[in-house]
Amino acid sequence: IFRKLIRDNMPEIMKAQGASPETRILDDVEYKKFLRLKLVEEAGETNAVKTREEMVKELGDVWEVADAIMQNEGISLEEVRVLKQKRREERGGFEKRIFLIRG
């Protein structure tokens, strides 16, 4: 039992591989919840990658979920870019590789 949000074409892909997936359509509240859980799942998968190619694939998955969240929430990519730049200017990026031991 999976009980998770999957990509739109996965049921057909699974059927073509001989599986018999049981699915249902999420309501708006469930969809929002499971999109957020999917983002955490996909981001967590980046910890296991060993190659650049795998990282590109996993980051693509993260981006796909983030894009779905933005669409569902009515957030534009430009809005995210502007806020990202503002936060970078205020707090910096991660180029210096600073690791906080104690605050």
# chains A, B, ... in the order shown; residues from 1 in each chain; ligands from 1
$ residues_around --residues "A:Ile1" --least-positions-apart "5" --cutoff "12 Å" --atoms "only C-alpha atoms" --output "number ranges by chain"
A: 20-23
$ write_last_selection --atoms "N, CA, C and O atoms" --output "PDB file, in the first residue's frame"
ATOM      1  N   SER A  20      -2.138  -3.641 -10.877  1.00  0.00           N
ATOM      2  CA  SER A  20      -3.540  -3.229 -10.828  1.00  0.00           C
ATOM      3  C   SER A  20      -3.699  -2.131  -9.783  1.00  0.00           C
ATOM      4  O   SER A  20      -4.201  -2.368  -8.682  1.00  0.00           O
ATOM      5  N   PRO A  21      -3.265  -0.912 -10.116  1.00  0.00           N
ATOM      6  CA  PRO A  21      -3.290   0.165  -9.119  1.00  0.00           C
ATOM      7  C   PRO A  21      -4.713   0.556  -8.734  1.00  0.00           C
ATOM      8  O   PRO A  21      -5.594   0.620  -9.580  1.00  0.00           O
ATOM      9  N   GLU A  22      -4.904   0.781  -7.455  1.00  0.00           N
ATOM     10  CA  GLU A  22      -6.174   1.313  -6.944  1.00  0.00           C
ATOM     11  C   GLU A  22      -5.941   2.773  -6.619  1.00  0.00           C
ATOM     12  O   GLU A  22      -5.044   3.106  -5.845  1.00  0.00           O
ATOM     13  N   THR A  23      -6.719   3.665  -7.223  1.00  0.00           N
ATOM     14  CA  THR A  23      -6.513   5.102  -7.052  1.00  0.00           C
ATOM     15  C   THR A  23      -7.829   5.802  -6.745  1.00  0.00           C
ATOM     16  O   THR A  23      -8.899   5.218  -6.885  1.00  0.00           O
TER      17      THR A  23
END
$ residues_around --residues "A:Met70" --least-positions-apart "4" --cutoff "12 Å" --atoms "only C-alpha atoms" --output "PyMOL selection string"
chain A and resi 32+35-36+39+63-66+74-80
$ write_last_selection --atoms "N, CA and C atoms" --output "mmCIF file, in the first residue's frame"
data_model
loop_
_atom_site.group_PDB
_atom_site.id
_atom_site.type_symbol
_atom_site.label_atom_id
_atom_site.label_comp_id
_atom_site.auth_asym_id
_atom_site.auth_seq_id
_atom_site.Cartn_x
_atom_site.Cartn_y
_atom_site.Cartn_z
ATOM 1 N N LYS A 32 -3.649 19.632 -1.323
ATOM 2 C CA LYS A 32 -2.686 20.563 -0.736
ATOM 3 C C LYS A 32 -1.773 19.830 0.259
ATOM 4 N N LEU A 35 0.539 17.295 -1.652
ATOM 5 C CA LEU A 35 1.574 17.982 -2.418
ATOM 6 C C LEU A 35 2.739 18.357 -1.506
ATOM 7 N N ARG A 36 2.421 18.865 -0.334
ATOM 8 C CA ARG A 36 3.479 19.256 0.605
ATOM 9 C C ARG A 36 4.273 18.045 1.084
ATOM 10 N N LEU A 39 6.596 17.032 -1.679
ATOM 11 C CA LEU A 39 7.771 17.890 -1.762
ATOM 12 C C LEU A 39 8.849 17.419 -0.786
ATOM 13 N N TRP A 63 11.322 20.150 -8.470
ATOM 14 C CA TRP A 63 10.812 21.300 -9.198
ATOM 15 C C TRP A 63 9.389 21.047 -9.696
ATOM 16 N N GLU A 64 9.124 19.826 -10.151
ATOM 17 C CA GLU A 64 7.777 19.486 -10.630
ATOM 18 C C GLU A 64 6.748 19.643 -9.511
ATOM 19 N N VAL A 65 7.094 19.168 -8.315
ATOM 20 C CA VAL A 65 6.171 19.290 -7.187
ATOM 21 C C VAL A 65 6.043 20.747 -6.757
ATOM 22 N N ALA A 66 7.167 21.460 -6.701
ATOM 23 C CA ALA A 66 7.111 22.883 -6.337
ATOM 24 C C ALA A 66 6.256 23.650 -7.331
ATOM 25 N N GLY A 74 -1.593 29.663 -6.557
ATOM 26 C CA GLY A 74 -1.645 30.907 -7.313
ATOM 27 C C GLY A 74 -0.390 31.755 -7.156
ATOM 28 N N ILE A 75 0.753 31.111 -7.056
ATOM 29 C CA ILE A 75 2.031 31.796 -6.876
ATOM 30 C C ILE A 75 2.801 31.727 -8.192
ATOM 31 N N SER A 76 3.293 32.863 -8.667
ATOM 32 C CA SER A 76 4.048 32.881 -9.920
ATOM 33 C C SER A 76 5.527 32.623 -9.659
ATOM 34 N N LEU A 77 6.205 32.124 -10.687
ATOM 35 C CA LEU A 77 7.645 31.907 -10.594
ATOM 36 C C LEU A 77 8.363 33.228 -10.362
ATOM 37 N N GLU A 78 7.881 34.282 -10.987
ATOM 38 C CA GLU A 78 8.494 35.604 -10.798
ATOM 39 C C GLU A 78 8.377 36.052 -9.344
ATOM 40 N N GLU A 79 7.235 35.798 -8.727
ATOM 41 C CA GLU A 79 7.041 36.147 -7.315
ATOM 42 C C GLU A 79 8.066 35.418 -6.437
ATOM 43 N N VAL A 80 8.303 34.160 -6.736
ATOM 44 C CA VAL A 80 9.280 33.370 -5.977
ATOM 45 C C VAL A 80 10.687 33.892 -6.230
#
$ closest_residue --among "A:Val82, A:Met55, A:Ala68, A:Met10" --to "A:Phe34" --atoms "only C-alpha atoms"
A:Ala68
